[in-house]
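Notes follow once the structure below has been shown.
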Amino acid sequence: MSSELEVPFINEIQEEEEEARDWDLLIAFNELRHREKIQGSKKVAQTWRMKERMKTVSVALVLCLNVGVDPPDVVKTSPCARLECWIDPLSSQKALEAIGANLQKQYERWQPRARYKQSLDPTVDEVKKLCSSLRRNAKEERVLFHYNGHGVPKPTVNGEIWVFNKSYTQYIPLSVYDLQTWMGSPSIYVYDCSNAGIIIELFRQFSQQRENELESGLNGSTPRFGSPTPAVSSVRNCIQLAACGVSELLPMNPELPADLFTSCLTTPIRIALKWYVLQNTGRLVPNITLDLVDKVPGQLNDRRTMLGELNWIFTAITDTIAWNTLPRELFQKLFRQDLLVASLFRNFLLAERIMRSYNCTPMSSPRLPPTYQHPMWQAWDLALDICLRQLPTLLEDENAQFHHSPFFTEQLTAFQVWLSYGSEKRNPPEQLPIVLQVLLSQVHRLRALDLLGRFLDLGPWAVSLALSVGIFPYVLKLLQSSARELRPLLVFIWAKILSVDSSCQTDLVKDNGHKYFLSVLADPYMPAEHRTMAAFVLAMIVNDYKNGQDAALQGNVIATCLEQLSDPSPSLRQWLALCLGKVWSNFDNARWCGVRDRAHEKLSVLLNDPSPEVRASVVFALGTFISVTDRSDQANNIDLGVGMMLASVGNDGSPLVRKEVVVALSSLVQQFESQFTNVVVQWMEEEKQKEKSATVTGEVPGGWNLVSGTTALQSSNSTANIGASFSSSDSYSGESTTVRRTYSSSTLAGTTFSSVYMTVWKVLVQLAMGPHREVAEMAKQIVNTLKLKASLSARPTHVIQNPKTCYSAPSSPSNTAPIHGTPPQNHFPEDHSTPGSQMRRDYSSPHLSGKVNSYTSPHGRGKKLLSERNSSSLIHEEKEEEPKSLKSTSVTTEFFDWSCRHFAQPLMRLSEEQDPESSSHHRREFRFLRNNNVRQEAREEQIRAGFNRLDVEVFVNKNQGIPSVIKFHPYEGHVAVADKDGICFWDWEQGTKINYIYNENLKNTKISAMDFINPHDESLLLCGTDDGSVRIWRNYLSEGYDGKELVMAFQAISDLIPTVRRAGLVLDWEQESGMLLASGDVRIIRIWDSQRETKVQDIPTGAESCVTSLASDSFGRSLLIAGCGDGSVRLFDRRLAPSECRVMTLREHNRWVVKVHLQKGSEGKIVSASNAGDVRFWDPRFTESVRTLNLTQGITALEIHKHADVLACGSPNQFIGVYNTSGDNLSTIKYHEGFLGQRIGAASCLAFHPYKVHNSSHLMYFLVLFL
């Protein structure tokens, strides 16, 4: 009974373990560089920065009061409002002068540096003289005209305001049309009089009339010489504020000042307090009188006092109302362009609220939407309540302490709540202007910066929004702070700003802001994340900006970056390299500073970095390190040394790195164009000689060809050996053959200049023939241009014999001229050398030279770098037009811009993969549950598979081409069938074709290996071709040419040895470790790390034949098994050194090994089969097989199920045998099902489904495809 209970429990545990295994399983090739195009963000024009900043430099104060005499058209009440600028006009004989002086003081509070002129009860001539003088002095700046018409009649319907005659006996009309002429543009007008709105309407008409007159005048006769061009007072450049509407009278309440509108504009806090007291409703504070309001303690500019805090709150509220109500462009114009205009319009919002309560509607041009009922006014009323509640206590007790308003704390909390749910689709947070005001306070600054950073992290739209509010001057000023707690926040905020708007670099340099980020970068106690952001900010400061480069260089940025290149953070290493690359780009002073600090040598160490982004950044930095202007001997030596460094990473696994190598080498080729042209001439001649002399003379036992001729076995100074420094990493040595990337400070004396040029040239040719089309196209531009120039300059008798004397090269460096970098020496490993191992890849491929090489054509790459026109026609066509210079052949990438894009994206938010609530996570959860169900359904059927017949045909169809490889998807109902050029996908359950994609491999190659990567999640398709190249595809089931997406492409193995029978490229993908094992027609097994995208190990096989099959222990990650063409099965322990890792050789097979397989489990046996028909089972501890099955002779294909006790083999005798591991024949398939079923053909490949076994019909799901 207990055993019955244990079985479900055990099964439940197994299910949980398998489901957890999917979650923990590596997802390869899923980084940003794989999922998105390497390009920068689209540049969006930023509108936050004003095209031109203005300031009001002159102010005309025109007061027409005529104290003691009321205007004839206005009947005043009794009592009536009397105060003008808070002064009673009847209090003294010089009240008019006092009022004028007081008005000037009120304006000076908002613009203290302006030039003020008063005109008290003026005449027309006095106004004209005043306005003309102010305009003349102001030039292109703004002039303010303040008009108080309380002592004169109302404006007329003809557009006239009133002044006086000299004797003050008459009112004289002054046309607004004339006033426009005298004031010019830009100007701002304030009208404090009854019926003021009529002036705004007529002003617009007069302005339009003036523009029409000017246009007609320009189209007609030209003005006389010396006559001034009339100033055009455009409505767009003139701002007007009017106290009331067209037919409205000013309020006459005796408790209010007569100039209520002027009081709102110039003394907003005082009038707001008085108006608050006068309200009878909604008041929480009793016993507050008008006299007490005048005694509010403090100063307006001191935020620690009551009056100062009220002014601060008022500024924040009016800014917020304006920003949330006005269009962005209008807000910028009125509230950010001019300090005085911004202050007047903030106060105008208060004027609208107060004066509307007295049946007056203030007007403006440009017109503003109504704001007097905005909800933020309630927050203002609450702030007044809280402050005034303390007023009696503060006035009675001098020791009483003022308690600050919770307004800003509450608004920050509201902003924080918005951030919890904020997105671009929602309305912007209305508290954003308040957050900027809070930055002025040390009490709230830390919290405000934190919230601001979180807001900016929402995306570029949030950065643009914050900049439009006016964040920039605030955060720029904060860079002067020495507070360490602000450093992480400010660095984050500035990284966000510069990622969206790089033009801020000029402001940073101008205000010495770069020093702040240099200090952050040099601070060892700062986390790597923030130092990375500081490096990014510095890189943006110096990006294409000479002043920024100068400033950073003076700040010792190069030494600071170099000191931290060994930091554990990959992002920091990446941005240190990018920053260095931008500092010395086209800037020789920085470059020579880098030379003194041995920057290129220190950077070259990172060419082996585990992160592809870091390696690409280092290549970028070394590419910009190549001098553009300085052509001294020392500069040439350095450039050539850098060129050799770059050549060593020409076979990097990452396309990201290889693209940067092409760009960097193009800079070198441009500087030495003539030398490279001469080398190409020599190379082309040598290729012709190779083709003539190389012949196949025999075959070694392993199946490889012997090649005779002087080219194949030439001396070490030949062209083939010149390139050994970059091809040695692909040699067959028993030792690790990675090119050395650490360079001494010696000279290039050990390597001739010609060998440097030849090495770089061959790397470019190799890249031009690479499997990644974008990299290849970039390299082809350089290669084709050089070949074209070489073809035009080459002559048969001018084959270069001595490269040192036959073309112009830089003079050899003297012993006193140091060169910081020496390229690797030419070296051929002597161990394991065979006649075949001295062959090198014909880098020309068949099509570079225009002829097909007989012994390399099966493995050559057939992509044409030049059209197949013959030389004579090519030269004939080019006689009329010389080939363009390499400088005009622009080869660029957007790697730097793509790297910058990272900082524009949300950094604090969880990614979709990490967010458990995201749709991506839910889809993944569904897939993992499906996977678990597939495995569970198949488990019991796998146990019974060794006893059931397997001869029921479930799917048969004709493939597009002859199948070479076949793979079932483990969890989805499709199978991939590869032919020579592409892959066909079939729904094997429905028997329908899903899609066909082209692998884009070269003409003379075919697909020889295939597998699914990440089959448990979003699958990728891995395809290997027999020239050693690997391509990885995404969206392979999407129809159409543009449906598929190339994720990755690289050369897994190179220098394949010519064979009679070819194994091609043999691959084994380890999903658990992310390792790709590659071998084939070579003497090594190369291990690639998919996460690093680089080669991690070359294991010499020690065999005289090719590798035909690979298997590995993906869980233990140590045992590696290789079946070879000579019948041997070789076992390797990856933990050991390359020369010691072969631990066992099994030699019981005598013929080509068709399959090696490692059974699952700790006691799993090794299974191997040869085409002689013998299947052998091995215990890894012994050299003799423990069991042998003798099947049919001449096996063409064999497959072993990963989980079930069954195997199948195809025979050239047109049948398929299915056996269990005990040798029992379960089924023999000879005919197709159906009436008169025809005989099957010879099987070219077999595949079992990794899991499924159909129990009801006793059927093993496996697919057989026939020739």
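Numbering starts fresh at 1 for the residues of each chain in the structure tokens, the chains themselves are lettered A, B, ... in the order given, and ligands are numbered from 1 as they appear.
For region 198-382 of chain A, backbone-based DSSP assignment of strand (DSSP E) covers Cys238, Ile239, Gln240, Leu241, Ala242, Met363, Ser364 and Ser365 of chain A.
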Write the residues of the selection above to a file with N, CA and C atoms, as a CSV table (one decimal), in the first residue's frame.
```csv
chain,number,residue,atom,x,y,z
A,238,CYS,N,4.5,91.0,-29.7
A,238,CYS,CA,4.0,92.0,-28.7
A,238,CYS,C,3.0,91.3,-27.7
A,239,ILE,N,3.2,91.5,-26.5
A,239,ILE,CA,2.4,90.9,-25.4
A,239,ILE,C,1.6,92.1,-24.8
A,240,GLN,N,0.3,91.8,-24.5
A,240,GLN,CA,-0.5,92.8,-23.9
A,240,GLN,C,-1.3,92.2,-22.7
A,241,LEU,N,-1.4,93.0,-21.7
A,241,LEU,CA,-2.2,92.6,-20.5
A,241,LEU,C,-3.2,93.8,-20.2
A,242,ALA,N,-4.5,93.5,-20.2
A,242,ALA,CA,-5.5,94.5,-20.0
A,242,ALA,C,-6.3,94.1,-18.7
A,363,MET,N,-7.9,90.6,-19.7
A,363,MET,CA,-7.6,90.1,-21.0
A,363,MET,C,-6.1,90.1,-21.3
A,364,SER,N,-5.7,89.2,-22.2
A,364,SER,CA,-4.3,89.2,-22.6
A,364,SER,C,-4.2,88.9,-24.1
A,365,SER,N,-3.1,89.2,-24.6
A,365,SER,CA,-2.7,88.8,-26.0
A,365,SER,C,-1.2,88.4,-25.9
```
Neighbouring residues of His1201 (chain A) were defined as those with any atom within 7 Å, considering only C-alpha atoms; residues of the same chain fewer than 4 positions away were excluded. Please report them as a list in words.
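Residues meeting the cut-off are Asp1205, Val1206, Leu1207, Phe1248 and Pro1250 of chain A.
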What are the closest atom pairs, with distances in Å to one decimal, for each residue of region 1150-1261 of chain A lying within 12 Å of region 1057-1078 of chain A, using only C-alpha atoms, rows by chain and rising residue number, as CSV?
```
residue,atom,partner,partner_atom,distance
A:Trp1152,CA,A:Arg1061,CA,9.9
A:Val1153,CA,A:Ala1063,CA,10.5
A:Val1154,CA,A:Ala1063,CA,10.1
A:Lys1155,CA,A:Val1066,CA,11.2
A:Val1156,CA,A:Asp1068,CA,11.2
A:His1157,CA,A:Asp1068,CA,11.1
```
Dump N, CA, C and O atoms for the selected residues as a PDB file, in the first residue's frame?
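Everything below was put into part34.pdb:
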```
ATOM      1  N   TRP A1152      34.403   4.374 -41.316  1.00  0.00           N
ATOM      2  CA  TRP A1152      33.822   5.693 -41.004  1.00  0.00           C
ATOM      3  C   TRP A1152      32.763   5.579 -39.892  1.00  0.00           C
ATOM      4  O   TRP A1152      31.820   4.802 -39.979  1.00  0.00           O
ATOM      5  N   VAL A1153      32.947   6.369 -38.822  1.00  0.00           N
ATOM      6  CA  VAL A1153      31.997   6.365 -37.712  1.00  0.00           C
ATOM      7  C   VAL A1153      30.792   7.212 -38.100  1.00  0.00           C
ATOM      8  O   VAL A1153      30.911   8.412 -38.385  1.00  0.00           O
ATOM      9  N   VAL A1154      29.626   6.598 -38.128  1.00  0.00           N
ATOM     10  CA  VAL A1154      28.411   7.291 -38.529  1.00  0.00           C
ATOM     11  C   VAL A1154      27.821   8.095 -37.370  1.00  0.00           C
ATOM     12  O   VAL A1154      27.320   9.203 -37.551  1.00  0.00           O
ATOM     13  N   LYS A1155      27.897   7.557 -36.157  1.00  0.00           N
ATOM     14  CA  LYS A1155      27.221   8.170 -35.017  1.00  0.00           C
ATOM     15  C   LYS A1155      27.936   7.836 -33.733  1.00  0.00           C
ATOM     16  O   LYS A1155      28.379   6.693 -33.537  1.00  0.00           O
ATOM     17  N   VAL A1156      28.096   8.819 -32.851  1.00  0.00           N
ATOM     18  CA  VAL A1156      28.467   8.568 -31.458  1.00  0.00           C
ATOM     19  C   VAL A1156      27.376   9.158 -30.593  1.00  0.00           C
ATOM     20  O   VAL A1156      26.783  10.205 -30.915  1.00  0.00           O
ATOM     21  N   HIS A1157      27.079   8.463 -29.489  1.00  0.00           N
ATOM     22  CA  HIS A1157      25.961   8.865 -28.644  1.00  0.00           C
ATOM     23  C   HIS A1157      26.320   8.560 -27.197  1.00  0.00           C
ATOM     24  O   HIS A1157      26.923   7.524 -26.903  1.00  0.00           O
TER      25      HIS A1157
END
```
Check: Tell me, which residues of region 889-956 of chain A carry DSSP helix (DSSP H, G or I), written as a PyMOL selection string?
Finding: chain A and resi 895-904+919-947
Keeping only N, CA and C atoms, write those residues as a tab-separated table (two decimals), in the first residue's frame.
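Now in part-v8.tsv:
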```
chain	number	residue	atom	x	y	z
A	895	PHE	N	27.03	51.72	-33.67
A	895	PHE	CA	27.25	51.04	-32.40
A	895	PHE	C	27.24	52.02	-31.23
A	896	PHE	N	27.90	53.16	-31.39
A	896	PHE	CA	27.93	54.15	-30.31
A	896	PHE	C	26.53	54.67	-30.01
A	897	ASP	N	25.79	55.02	-31.06
A	897	ASP	CA	24.43	55.52	-30.86
A	897	ASP	C	23.53	54.44	-30.26
A	898	TRP	N	23.73	53.19	-30.69
A	898	TRP	CA	22.96	52.09	-30.11
A	898	TRP	C	23.28	51.91	-28.64
A	899	SER	N	24.54	52.05	-28.28
A	899	SER	CA	24.92	51.95	-26.87
A	899	SER	C	24.30	53.08	-26.06
A	900	CYS	N	24.22	54.27	-26.66
A	900	CYS	CA	23.60	55.40	-25.97
A	900	CYS	C	22.11	55.16	-25.73
A	901	ARG	N	21.50	54.44	-26.63
A	901	ARG	CA	20.05	54.21	-26.54
A	901	ARG	C	19.68	53.49	-25.26
A	902	HIS	N	20.63	52.75	-24.70
A	902	HIS	CA	20.36	52.03	-23.46
A	902	HIS	C	19.94	52.99	-22.35
A	903	PHE	N	20.58	54.15	-22.29
A	903	PHE	CA	20.29	55.09	-21.20
A	903	PHE	C	18.98	55.84	-21.44
A	904	ALA	N	18.49	55.84	-22.66
A	904	ALA	CA	17.21	56.49	-22.93
A	904	ALA	C	16.04	55.58	-22.55
A	919	SER	N	3.01	40.13	-20.22
A	919	SER	CA	2.50	39.13	-21.16
A	919	SER	C	3.61	38.19	-21.61
A	920	SER	N	4.83	38.72	-21.70
A	920	SER	CA	5.96	37.87	-22.09
A	920	SER	C	6.20	36.77	-21.06
A	921	HIS	N	6.07	37.12	-19.79
A	921	HIS	CA	6.27	36.12	-18.73
A	921	HIS	C	5.15	35.08	-18.76
A	922	HIS	N	3.93	35.53	-19.03
A	922	HIS	CA	2.82	34.58	-19.09
A	922	HIS	C	2.97	33.61	-20.26
A	923	ARG	N	3.43	34.14	-21.40
A	923	ARG	CA	3.65	33.26	-22.55
A	923	ARG	C	4.73	32.22	-22.24
A	924	ARG	N	5.77	32.67	-21.55
A	924	ARG	CA	6.85	31.74	-21.19
A	924	ARG	C	6.34	30.68	-20.22
A	925	GLU	N	5.53	31.11	-19.28
A	925	GLU	CA	4.97	30.16	-18.33
A	925	GLU	C	4.12	29.12	-19.04
A	926	PHE	N	3.36	29.57	-20.03
A	926	PHE	CA	2.56	28.62	-20.81
A	926	PHE	C	3.45	27.63	-21.55
A	927	ARG	N	4.51	28.10	-22.16
A	927	ARG	CA	5.41	27.20	-22.90
A	927	ARG	C	6.04	26.18	-21.97
A	928	PHE	N	6.43	26.60	-20.78
A	928	PHE	CA	7.08	25.66	-19.87
A	928	PHE	C	6.08	24.60	-19.36
A	929	LEU	N	4.85	25.00	-19.16
A	929	LEU	CA	3.83	24.02	-18.79
A	929	LEU	C	3.60	23.04	-19.94
A	930	ARG	N	3.55	23.54	-21.16
A	930	ARG	CA	3.40	22.66	-22.33
A	930	ARG	C	4.56	21.69	-22.41
A	931	ASN	N	5.78	22.20	-22.21
A	931	ASN	CA	6.95	21.33	-22.27
A	931	ASN	C	6.86	20.21	-21.25
A	932	ASN	N	6.45	20.58	-20.07
A	932	ASN	CA	6.35	19.57	-19.01
A	932	ASN	C	5.31	18.51	-19.37
A	933	ASN	N	4.21	18.93	-19.96
A	933	ASN	CA	3.18	17.97	-20.37
A	933	ASN	C	3.70	17.02	-21.44
A	934	VAL	N	4.46	17.54	-22.39
A	934	VAL	CA	5.03	16.69	-23.43
A	934	VAL	C	5.95	15.64	-22.82
A	935	ARG	N	6.78	16.07	-21.89
A	935	ARG	CA	7.71	15.11	-21.27
A	935	ARG	C	6.96	14.08	-20.44
A	936	GLN	N	5.93	14.51	-19.73
A	936	GLN	CA	5.18	13.58	-18.88
A	936	GLN	C	4.42	12.56	-19.72
A	937	GLU	N	3.82	13.02	-20.81
A	937	GLU	CA	3.07	12.10	-21.65
A	937	GLU	C	3.97	11.06	-22.30
A	938	ALA	N	5.22	11.43	-22.53
A	938	ALA	CA	6.12	10.52	-23.24
A	938	ALA	C	6.88	9.57	-22.32
A	939	ARG	N	6.89	9.85	-21.00
A	939	ARG	CA	7.77	9.09	-20.12
A	939	ARG	C	7.45	7.60	-20.09
A	940	GLU	N	6.20	7.25	-19.87
A	940	GLU	CA	5.86	5.83	-19.79
A	940	GLU	C	5.94	5.15	-21.14
A	941	GLU	N	5.65	5.88	-22.20
A	941	GLU	CA	5.75	5.30	-23.53
A	941	GLU	C	7.20	5.01	-23.89
A	942	GLN	N	8.12	5.84	-23.38
A	942	GLN	CA	9.54	5.60	-23.63
A	942	GLN	C	9.98	4.28	-23.01
A	943	ILE	N	9.41	3.95	-21.85
A	943	ILE	CA	9.80	2.70	-21.18
A	943	ILE	C	9.38	1.48	-22.00
A	944	ARG	N	8.23	1.58	-22.69
A	944	ARG	CA	7.70	0.45	-23.44
A	944	ARG	C	8.19	0.42	-24.88
A	945	ALA	N	8.96	1.44	-25.28
A	945	ALA	CA	9.33	1.55	-26.70
A	945	ALA	C	10.19	0.39	-27.18
A	946	GLY	N	10.99	-0.21	-26.31
A	946	GLY	CA	11.89	-1.28	-26.73
A	946	GLY	C	11.21	-2.59	-27.02
A	947	PHE	N	9.89	-2.66	-26.86
A	947	PHE	CA	9.19	-3.93	-27.09
A	947	PHE	C	8.10	-3.79	-28.16
```
Q: Can you pull out every residue within 12 Å of Val277 (chain A), counting only C-alpha atoms, but drop anything in the same chain fewer than 3 positions away, and send it as a PyMOL selection string?
A: chain A and resi 255-256+270-274+280-294+381+384-385+388
Nearest candidate to Asp544 (chain A) (options A:Trp312, A:Gln1051, A:Val469, A:Val583; using only C-alpha atoms):
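The shortest atom-to-atom distance to Asp544 (chain A) comes from A:Val583.
Residues within 10 Å of region 42-44 of chain A, counting only C-alpha atoms and excluding same-chain residues fewer than 3 positions away, are Gln39, Thr47, Pro460, Trp461, Ser464, Val500, Asp501, Asp897 and Arg901 of chain A.
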The residue from A:Arg115, A:Glu211, A:Pro254, A:Val57 with the smallest atom-to-atom distance to Ser187 (chain A), counting only C-alpha atoms, is A:Val57
| message | So that I can see what lies close to Asn678 (chain A), please list as a PyMOL selection string the residues with an atom at most 8 Å from it, counting only C-alpha atoms and leaving out residues fewer than 3 positions away in the same chain. | response | chain A and resi 674-675+681-682+790+807
Could the residues of region 279-391 of chain A that have an atom at most 10 Å from region 142-154 of chain A be listed as JSON lines, each with its closest atom pair and the distance in Å to one decimal, counting only C-alpha atoms and ordered by chain and ascending residue number?
```
{"residue": "A:Asp338", "atom": "CA", "partner": "A:Arg142", "partner_atom": "CA", "distance": 8.9}
{"residue": "A:Leu340", "atom": "CA", "partner": "A:Leu144", "partner_atom": "CA", "distance": 9.5}
{"residue": "A:Val341", "atom": "CA", "partner": "A:Leu144", "partner_atom": "CA", "distance": 9.3}
```
Store the residues picked out above in a file with C-alpha atoms, as a PDB file, in the first residue's frame.
```pdb
ATOM      1  CA  ASP A 338      11.773  86.317 -20.126  1.00  0.00           C
ATOM      2  CA  LEU A 340       9.818  89.681 -16.085  1.00  0.00           C
ATOM      3  CA  VAL A 341       7.217  88.382 -18.535  1.00  0.00           C
TER       4      VAL A 341
END
```
Selection: 7 Å around Cys244 (chain A), only C-alpha atoms, excl. self and same-chain fewer than 2 positions, as a list in words
Ser194, Asn195, Ala196, Gly197, Ala242, Val246, Glu248, Leu250, Cys360, Thr361, Pro362 and Met363 of chain A
Preceding selection exported with C-alpha atoms as a PDB file, in the first residue's frame:
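What landed in part_7.pdb:
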```
ATOM      1  CA  SER A 194     -11.516 100.900 -17.751  1.00  0.00           C
ATOM      2  CA  ASN A 195     -12.546  99.412 -21.106  1.00  0.00           C
ATOM      3  CA  ALA A 196      -8.945  98.249 -21.529  1.00  0.00           C
ATOM      4  CA  GLY A 197      -9.990  95.280 -23.631  1.00  0.00           C
ATOM      5  CA  ALA A 242      -5.482  94.480 -19.970  1.00  0.00           C
ATOM      6  CA  VAL A 246     -14.171  95.940 -23.748  1.00  0.00           C
ATOM      7  CA  GLU A 248     -16.122  96.887 -18.249  1.00  0.00           C
ATOM      8  CA  LEU A 250     -12.637  98.847 -12.915  1.00  0.00           C
ATOM      9  CA  CYS A 360     -14.037  92.145 -14.339  1.00  0.00           C
ATOM     10  CA  THR A 361     -12.442  89.881 -16.899  1.00  0.00           C
ATOM     11  CA  PRO A 362      -8.760  90.627 -17.459  1.00  0.00           C
ATOM     12  CA  MET A 363      -7.637  90.064 -21.039  1.00  0.00           C
TER      13      MET A 363
END
```
- request: Write out as a list in words each polymer residue whose atoms come within 8 Å of Phe261 (chain A), counting only C-alpha atoms; drop sequence neighbours fewer than 4 positions from it.
  value: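 After dropping sequence-adjacent residues, the list is Asp192, Ala243, Leu265, Ala351 and Met355 of chain A.
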Atoms to include: N, CA and C atoms. Write the selected residues as an mmCIF file, in the first residue's frame.
```
data_model
loop_
_atom_site.group_PDB
_atom_site.id
_atom_site.type_symbol
_atom_site.label_atom_id
_atom_site.label_comp_id
_atom_site.auth_asym_id
_atom_site.auth_seq_id
_atom_site.Cartn_x
_atom_site.Cartn_y
_atom_site.Cartn_z
ATOM 1 N N ASP A 192 -3.897 99.502 -17.424
ATOM 2 C CA ASP A 192 -4.711 99.512 -16.202
ATOM 3 C C ASP A 192 -5.683 100.682 -16.289
ATOM 4 N N ALA A 243 -6.631 95.193 -17.979
ATOM 5 C CA ALA A 243 -7.258 94.998 -16.671
ATOM 6 C C ALA A 243 -8.689 94.484 -16.769
ATOM 7 N N LEU A 265 -0.409 92.342 -10.391
ATOM 8 C CA LEU A 265 0.758 92.069 -11.234
ATOM 9 C C LEU A 265 2.077 92.311 -10.509
ATOM 10 N N ALA A 351 -4.615 87.746 -10.923
ATOM 11 C CA ALA A 351 -5.476 88.880 -11.258
ATOM 12 C C ALA A 351 -6.785 88.398 -11.863
ATOM 13 N N MET A 355 -10.109 89.515 -9.924
ATOM 14 C CA MET A 355 -10.939 90.517 -10.595
ATOM 15 C C MET A 355 -12.232 89.921 -11.126
#
```
inquiry  = Let me make sure I understand: among A:Ile1240, A:Ala1204, A:Leu103, A:Val595, which one has the smallest atom-to-atom distance to Ser263 (chain A) if we use only C-alpha atoms?
reply    =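 For Ser263 (chain A), the nearest of the given residues is A:Leu103.
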**Message:** Quick check, in Å to one decimal: how far apart do CA of Ile1195 (chain A) and CA of Ile966 (chain A) lie?
**Reply:**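 Answer for the CA of Ile1195 (chain A) to CA of Ile966 (chain A) separation: 17.0 Å.
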Students should find that CA of Glu1039 (chain A) and CA of Asn1001 (chain A) are spaced 19.2 Å
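Restricting the calculation to only C-alpha atoms, the smallest distance between Met684 (chain A) and any of A:Val542, A:Ala495, A:Val765, A:Ala616 is found for A:Val765.
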Expressed in Å, the length from CA of Ile199 (chain A) to CA of Pro155 (chain A) is 7.1 Å
